[in-house]
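Chemist: One structure, pasted below without further comment.
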Amino acid sequence: MSQGNVLVYIVRHDLRVSDNPILHHLSSSSDHGFTHLLPVLVLLPHQIEVSGFLREGTQSPFPEAKSEVGGYRRCGPHRAKFMAQSIWNLKTNFEKLGSDLTIRIGTYGGVLKTLIDGLRQDGLDVGGVWAIGEEGYEEKQDERLISETCSNLDVGFQIWVDEKYFIDDRDLKLETPQDLPDVFTTYRKMMEPLREKPRVTMPTPSKDAMLKSIETLKIPSQQAPFEIPSSYDKFEEALLSPINEVLSGVPPFPEGAKSAHPFRGGEDSAHDRLNYLITSGSAYSYKNSRNGLIGSDFSTKLSAYLAQGCITARQVHDRLVVYEDGKDDSFSGAQGYGDGENEGTNAIRFELLWRDYMRLCNRKFKGKLFLRSGFRGDCANKWKSAKKEEIADGQQQSTDEISKIIQRVFDGTTGMGLIDASQRELLHTGYTSNRARQNVASFLAKHLNIDWRYGAEWYEMLLVDYDVSSNWANWQYVAGVGNDPRGEARIFNPVKQAFDYDKDGDYVRCWVPEVQKLDKLEHVFQAWTTPKEDWDRFGLTGLMMAEDPVKKIDFSVEGKPKASRRPYMRRRGHGRGGSSRPPQPSTALQQPVADDTHNENVTNEQPHARTQHNAPGNSRGGLRGGRGYGGGYRSRGYRGPRGGHRGGRGSSTYGQLPSPPSSLPPQQMHQVAPAEQAQ
């Protein structure tokens, strides 16, 4: 005879107990028929490396979690640590409600079968499996696998609407995903006024209203060869130990530098951060500070919490409304308290909507998110690649040369100050500003003409705030194959951008100590421009970024680069309009709440640069072959550290020219072709 009716709640990117639609329904309704709740979080081996959880002397049945194009880790140490903190905080919050979070490793199919079979053997009936739906190629594969498993086990499966976004799916004016406009401005106008759109938040369930938990001894154990630690410290160690090698060759943390993202993961920390943004005045000043490069207050830093579902966009909106309406005395000392919506809070809502839009693009274009040709279906084979089967038509540089250039971009040794500073900051902290992300993407894809997917995968590995929709859609946007109406015409000049946003050179000097002693900003931003007679004095001799920069951009401090190009003619009525219109969406590559907006004076820049021409041809990009389940699993090695996949980076010679000097031929340079107008 059954001892109860169990609901298995599969926790995905909804690491919170507040404003949680599943928990709210179970605690506020009595007609669901369940008596017990079993929340389960599954660490998926195709998305995050799990070999740190292996029992001693055993082998993993899963391949390493690496990306398809560049072969990078799918999840690096920065995000893994943030996830560990967020997962454990959720576990603690479940315990406060008289429940618990069961953590397992494996595929959804394997984990569910083990749990359901085991519970049934112990006299418990499993009446349903619920999960919150997500967008994404892999995520939809996961949902199909869960559905098939439940069907085979004769258990009902239900997908709930993902309610962590700004405007609820049920309130969108879209009958089908294909109705989503391809231009954000059109979508934004459909949704305005933004302050009126979000639904009300759901309260945290009370302990008394929660379903019964299942005794630990009745929950089937983790299947071999893995084991789940019972303490947080051991859990974090197991998650990080196999991927810490990603940072093994990184130079020492620069003296005096500080992380712009020193925050712990978890629901509790997310709300602490949100309250701080309001009380400190950061929310009020957000519109003016969002382009900052240094410090933790220039942007909201809520993106990592939103990505993991530690907090919802409508919870952010809700607290902003309370502050704007003057209904919480704890905010009474904050500038703008009780004065209604201000420029800062309006800009935050605007960026939350941009985040929504990137997710809806993922829903609309599905697998195209990972295609080299992008949403636009741009099949011109213009992208340089380090893979022989994907090289561009007419690519003159060898795949080895391209591989070394890519690695120099990611190591932060290109000689382009803003790019190098951003990449060093990313390596050290897992975070870099939206402004810097845009410049890195433009530099890789448009200045160097290198396949943008290398950058998207690199950011997927290193960003603490990685989100599949925001990261990949924004890389497409800046690369010119996404839904940017300007397409290839939007090019960032990283030298001018540095002058505009790092006006004293503090950011570049902070993260690139090799140029700290240089006086003139043009030398800080491009070390090669320093007069040769000063190289020894400033330590530039033998320094790769000065001796052999990946790219040189001729830039006049007095004015814009001297480049002949066709000017971009904005079509009235289809662009961003005049200054009276709301701010435009950020192109943050992993939208830090989409912590920025485009600015007219920094986009569509065509530098007087030298690079190789694009070559026409056909795209050979396909769906990310490493992101699915095909091919079966294979055994691989015993537990223990593995060699770094980013070879050739010894910290003692970081940024130095090889000795003897590199035999690589100098890059062939040409005047860049005039940018075409976006259609």
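Identifiers in this document derive from the order of the structure tokens: chains are assigned A, B, ..., residues are numbered from 1 separately in each chain, and ligands are numbered from 1 in order of occurrence.
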Just want the 7 Å neighbourhood of region 454-462 of chain A, counted on only C-alpha atoms, with same-chain residues fewer than 3 positions away dropped. Output as a PDB file with N, CA, C and O atoms, in the first residue's frame.

Modeler:
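Just written: around_16.pdb:
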ATOM      1  N   SER A  67      33.455  22.571 -25.219  1.00  0.00           N
ATOM      2  CA  SER A  67      32.717  23.189 -26.318  1.00  0.00           C
ATOM      3  C   SER A  67      33.131  22.594 -27.652  1.00  0.00           C
ATOM      4  O   SER A  67      34.170  21.953 -27.774  1.00  0.00           O
ATOM      5  N   VAL A  69      33.563  24.210 -30.893  1.00  0.00           N
ATOM      6  CA  VAL A  69      34.444  24.914 -31.815  1.00  0.00           C
ATOM      7  C   VAL A  69      35.846  25.059 -31.245  1.00  0.00           C
ATOM      8  O   VAL A  69      36.834  24.698 -31.882  1.00  0.00           O
ATOM      9  N   GLY A  70      35.955  25.589 -30.040  1.00  0.00           N
ATOM     10  CA  GLY A  70      37.261  25.849 -29.457  1.00  0.00           C
ATOM     11  C   GLY A  70      37.763  24.778 -28.510  1.00  0.00           C
ATOM     12  O   GLY A  70      38.935  24.791 -28.129  1.00  0.00           O
ATOM     13  N   TYR A  72      36.826  24.422 -25.372  1.00  0.00           N
ATOM     14  CA  TYR A  72      36.990  25.004 -24.040  1.00  0.00           C
ATOM     15  C   TYR A  72      36.047  24.314 -23.050  1.00  0.00           C
ATOM     16  O   TYR A  72      35.057  23.703 -23.430  1.00  0.00           O
ATOM     17  N   ARG A  73      36.353  24.445 -21.791  1.00  0.00           N
ATOM     18  CA  ARG A  73      35.450  23.942 -20.761  1.00  0.00           C
ATOM     19  C   ARG A  73      34.087  24.607 -20.918  1.00  0.00           C
ATOM     20  O   ARG A  73      33.986  25.801 -21.147  1.00  0.00           O
ATOM     21  N   ARG A  74      33.029  23.821 -20.753  1.00  0.00           N
ATOM     22  CA  ARG A  74      31.699  24.404 -20.851  1.00  0.00           C
ATOM     23  C   ARG A  74      31.404  25.328 -19.674  1.00  0.00           C
ATOM     24  O   ARG A  74      30.622  26.279 -19.792  1.00  0.00           O
ATOM     25  N   CYS A  75      31.994  25.037 -18.543  1.00  0.00           N
ATOM     26  CA  CYS A  75      31.798  25.879 -17.357  1.00  0.00           C
ATOM     27  C   CYS A  75      33.130  25.992 -16.637  1.00  0.00           C
ATOM     28  O   CYS A  75      33.732  24.978 -16.267  1.00  0.00           O
ATOM     29  N   GLY A  76      33.605  27.205 -16.447  1.00  0.00           N
ATOM     30  CA  GLY A  76      34.872  27.433 -15.777  1.00  0.00           C
ATOM     31  C   GLY A  76      34.709  27.622 -14.279  1.00  0.00           C
ATOM     32  O   GLY A  76      33.597  27.574 -13.743  1.00  0.00           O
ATOM     33  N   HIS A  78      34.934  30.230 -12.209  1.00  0.00           N
ATOM     34  CA  HIS A  78      34.216  31.375 -11.640  1.00  0.00           C
ATOM     35  C   HIS A  78      32.723  31.081 -11.527  1.00  0.00           C
ATOM     36  O   HIS A  78      32.119  31.268 -10.463  1.00  0.00           O
ATOM     37  N   ARG A  79      32.138  30.623 -12.624  1.00  0.00           N
ATOM     38  CA  ARG A  79      30.701  30.317 -12.585  1.00  0.00           C
ATOM     39  C   ARG A  79      30.433  29.079 -11.735  1.00  0.00           C
ATOM     40  O   ARG A  79      29.397  29.008 -11.046  1.00  0.00           O
ATOM     41  N   LEU A 426      38.649  39.352 -17.000  1.00  0.00           N
ATOM     42  CA  LEU A 426      37.774  38.190 -17.142  1.00  0.00           C
ATOM     43  C   LEU A 426      38.444  36.933 -16.602  1.00  0.00           C
ATOM     44  O   LEU A 426      37.828  36.143 -15.877  1.00  0.00           O
ATOM     45  N   LEU A 427      39.702  36.731 -16.945  1.00  0.00           N
ATOM     46  CA  LEU A 427      40.435  35.561 -16.458  1.00  0.00           C
ATOM     47  C   LEU A 427      40.513  35.549 -14.936  1.00  0.00           C
ATOM     48  O   LEU A 427      40.321  34.516 -14.291  1.00  0.00           O
ATOM     49  N   GLY A 430      36.143  36.511 -13.649  1.00  0.00           N
ATOM     50  CA  GLY A 430      34.917  35.984 -14.238  1.00  0.00           C
ATOM     51  C   GLY A 430      33.946  37.066 -14.661  1.00  0.00           C
ATOM     52  O   GLY A 430      32.800  36.781 -15.016  1.00  0.00           O
ATOM     53  N   ALA A 441      34.200  41.670 -28.539  1.00  0.00           N
ATOM     54  CA  ALA A 441      33.468  40.964 -29.591  1.00  0.00           C
ATOM     55  C   ALA A 441      33.698  41.603 -30.952  1.00  0.00           C
ATOM     56  O   ALA A 441      33.925  40.917 -31.951  1.00  0.00           O
ATOM     57  N   ASP A 451      36.071  33.738 -36.461  1.00  0.00           N
ATOM     58  CA  ASP A 451      34.782  33.126 -36.127  1.00  0.00           C
ATOM     59  C   ASP A 451      34.349  33.546 -34.719  1.00  0.00           C
ATOM     60  O   ASP A 451      34.998  33.226 -33.725  1.00  0.00           O
ATOM     61  N   TYR A 466      27.155  33.920 -17.038  1.00  0.00           N
ATOM     62  CA  TYR A 466      26.774  33.323 -18.323  1.00  0.00           C
ATOM     63  C   TYR A 466      25.305  32.907 -18.339  1.00  0.00           C
ATOM     64  O   TYR A 466      24.796  32.285 -17.412  1.00  0.00           O
ATOM     65  N   ASN A 471      24.241  35.434 -23.838  1.00  0.00           N
ATOM     66  CA  ASN A 471      25.608  35.337 -24.328  1.00  0.00           C
ATOM     67  C   ASN A 471      25.645  35.132 -25.838  1.00  0.00           C
ATOM     68  O   ASN A 471      26.277  35.896 -26.575  1.00  0.00           O
ATOM     69  N   TRP A 472      24.972  34.117 -26.304  1.00  0.00           N
ATOM     70  CA  TRP A 472      25.077  33.764 -27.723  1.00  0.00           C
ATOM     71  C   TRP A 472      24.357  34.762 -28.618  1.00  0.00           C
ATOM     72  O   TRP A 472      24.847  35.111 -29.703  1.00  0.00           O
ATOM     73  N   TRP A 475      26.560  37.953 -28.780  1.00  0.00           N
ATOM     74  CA  TRP A 475      27.731  37.766 -29.636  1.00  0.00           C
ATOM     75  C   TRP A 475      27.316  37.860 -31.106  1.00  0.00           C
ATOM     76  O   TRP A 475      28.015  38.466 -31.928  1.00  0.00           O
TER      77      TRP A 475
END

Chemist: As a PyMOL selection string, please: the residues near region 233-245 of chain A (cut-off 7 Å, only C-alpha atoms, same-chain neighbours under 3 positions excluded).

Modeler: chain A and resi 50-53+76-77+80-81+84+229+248+641+644

Chemist: Could you save those same residues with N, CA, C and O atoms as a PDB file, in the first residue's frame?

Modeler:
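Now in selection.pdb:
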ATOM      1  N   VAL A  50      32.090  16.946 -14.076  1.00  0.00           N
ATOM      2  CA  VAL A  50      31.674  16.291 -12.835  1.00  0.00           C
ATOM      3  C   VAL A  50      32.683  15.268 -12.339  1.00  0.00           C
ATOM      4  O   VAL A  50      32.423  14.550 -11.371  1.00  0.00           O
ATOM      5  N   SER A  51      33.854  15.199 -12.974  1.00  0.00           N
ATOM      6  CA  SER A  51      34.819  14.165 -12.589  1.00  0.00           C
ATOM      7  C   SER A  51      35.370  14.368 -11.179  1.00  0.00           C
ATOM      8  O   SER A  51      35.936  13.443 -10.595  1.00  0.00           O
ATOM      9  N   GLY A  52      35.182  15.576 -10.615  1.00  0.00           N
ATOM     10  CA  GLY A  52      35.621  15.809  -9.238  1.00  0.00           C
ATOM     11  C   GLY A  52      34.790  15.060  -8.218  1.00  0.00           C
ATOM     12  O   GLY A  52      35.183  14.959  -7.048  1.00  0.00           O
ATOM     13  N   PHE A  53      33.651  14.532  -8.655  1.00  0.00           N
ATOM     14  CA  PHE A  53      32.780  13.779  -7.746  1.00  0.00           C
ATOM     15  C   PHE A  53      33.009  12.274  -7.840  1.00  0.00           C
ATOM     16  O   PHE A  53      32.298  11.499  -7.202  1.00  0.00           O
ATOM     17  N   GLY A  76      33.605  27.205 -16.447  1.00  0.00           N
ATOM     18  CA  GLY A  76      34.872  27.433 -15.777  1.00  0.00           C
ATOM     19  C   GLY A  76      34.709  27.622 -14.279  1.00  0.00           C
ATOM     20  O   GLY A  76      33.597  27.574 -13.743  1.00  0.00           O
ATOM     21  N   PRO A  77      35.813  27.884 -13.584  1.00  0.00           N
ATOM     22  CA  PRO A  77      35.786  27.933 -12.118  1.00  0.00           C
ATOM     23  C   PRO A  77      34.991  29.094 -11.533  1.00  0.00           C
ATOM     24  O   PRO A  77      34.433  28.963 -10.436  1.00  0.00           O
ATOM     25  N   ALA A  80      31.318  28.111 -11.785  1.00  0.00           N
ATOM     26  CA  ALA A  80      31.118  26.894 -10.989  1.00  0.00           C
ATOM     27  C   ALA A  80      31.053  27.231  -9.492  1.00  0.00           C
ATOM     28  O   ALA A  80      30.209  26.686  -8.762  1.00  0.00           O
ATOM     29  N   LYS A  81      31.911  28.132  -9.053  1.00  0.00           N
ATOM     30  CA  LYS A  81      31.885  28.519  -7.633  1.00  0.00           C
ATOM     31  C   LYS A  81      30.610  29.270  -7.300  1.00  0.00           C
ATOM     32  O   LYS A  81      29.978  29.026  -6.254  1.00  0.00           O
ATOM     33  N   ALA A  84      27.883  26.760  -7.095  1.00  0.00           N
ATOM     34  CA  ALA A  84      27.970  25.976  -5.862  1.00  0.00           C
ATOM     35  C   ALA A  84      27.363  26.749  -4.694  1.00  0.00           C
ATOM     36  O   ALA A  84      26.602  26.200  -3.881  1.00  0.00           O
ATOM     37  N   PRO A 229      29.137  14.998  -1.785  1.00  0.00           N
ATOM     38  CA  PRO A 229      29.587  15.371  -0.440  1.00  0.00           C
ATOM     39  C   PRO A 229      28.440  15.937   0.393  1.00  0.00           C
ATOM     40  O   PRO A 229      27.473  16.492  -0.150  1.00  0.00           O
ATOM     41  N   SER A 248      45.461  27.992 -14.667  1.00  0.00           N
ATOM     42  CA  SER A 248      46.795  27.600 -14.194  1.00  0.00           C
ATOM     43  C   SER A 248      47.907  28.479 -14.741  1.00  0.00           C
ATOM     44  O   SER A 248      48.929  28.648 -14.106  1.00  0.00           O
ATOM     45  N   PRO A 641      43.938  15.335 -11.621  1.00  0.00           N
ATOM     46  CA  PRO A 641      44.120  16.532 -12.449  1.00  0.00           C
ATOM     47  C   PRO A 641      44.511  16.165 -13.859  1.00  0.00           C
ATOM     48  O   PRO A 641      45.240  15.218 -14.093  1.00  0.00           O
ATOM     49  N   GLY A 644      46.401  21.193 -18.687  1.00  0.00           N
ATOM     50  CA  GLY A 644      45.658  22.350 -19.165  1.00  0.00           C
ATOM     51  C   GLY A 644      45.436  22.271 -20.664  1.00  0.00           C
ATOM     52  O   GLY A 644      46.326  21.908 -21.416  1.00  0.00           O
TER      53      GLY A 644
END

Chemist: Skip region 320-329 of chain A itself and residues of its chain fewer than 3 positions away, then list as a VMD selection string all residues within 6 Å of it, counting only C-alpha atoms.

Modeler: chain A and resid 317 332 337 to 341

Chemist: Which value, in Å to one decimal, gives the distance between CA of Leu448 (chain A) and CA of Gln526 (chain A)?

Modeler: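 Pair CA of Leu448 (chain A) / CA of Gln526 (chain A) returns 16.2 Å.
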
Chemist: Report the closest atom pair, with its distance in Å rounded to one decimal, for each residue of region 340-441 of chain A that has an atom no farther than 10 Å from region 137-142 of chain A; count only C-alpha atoms, sort by chain and then rising residue number, and write it as a Markdown table.

Modeler:
| residue | atom | partner | partner_atom | distance |
| --- | --- | --- | --- | --- |
| A:Asn362 | CA | A:Tyr137 | CA | 8.5 |
| A:Arg363 | CA | A:Tyr137 | CA | 9.0 |
| A:Phe365 | CA | A:Tyr137 | CA | 9.9 |
| A:Lys366 | CA | A:Tyr137 | CA | 6.1 |
| A:Gly367 | CA | A:Tyr137 | CA | 5.8 |
| A:Lys368 | CA | A:Tyr137 | CA | 9.2 |
| A:Leu369 | CA | A:Tyr137 | CA | 8.5 |
| A:Phe370 | CA | A:Tyr137 | CA | 9.0 |

Chemist: Since we have the selection now, will you write its residues out, keeping C-alpha atoms, as a tab-separated table (two decimals), in the first residue's frame?

Modeler:
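The resulting again_19.tsv:
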chain	number	residue	atom	x	y	z
A	362	ASN	CA	16.41	32.02	-28.62
A	363	ARG	CA	12.87	30.67	-28.68
A	365	PHE	CA	15.50	30.98	-33.88
A	366	LYS	CA	16.27	27.85	-31.82
A	367	GLY	CA	19.39	26.08	-33.13
A	368	LYS	CA	20.40	29.10	-35.21
A	369	LEU	CA	21.69	30.56	-31.96
A	370	PHE	CA	24.82	28.43	-32.39

Chemist: For the alpha helix (DSSP H) assignment from backbone DSSP, which residues of region 194-359 of chain A qualify? Please present them as a PyMOL selection string.

Modeler: chain A and resi 232-240+267-279+286-289+303-308+313-324+343-359
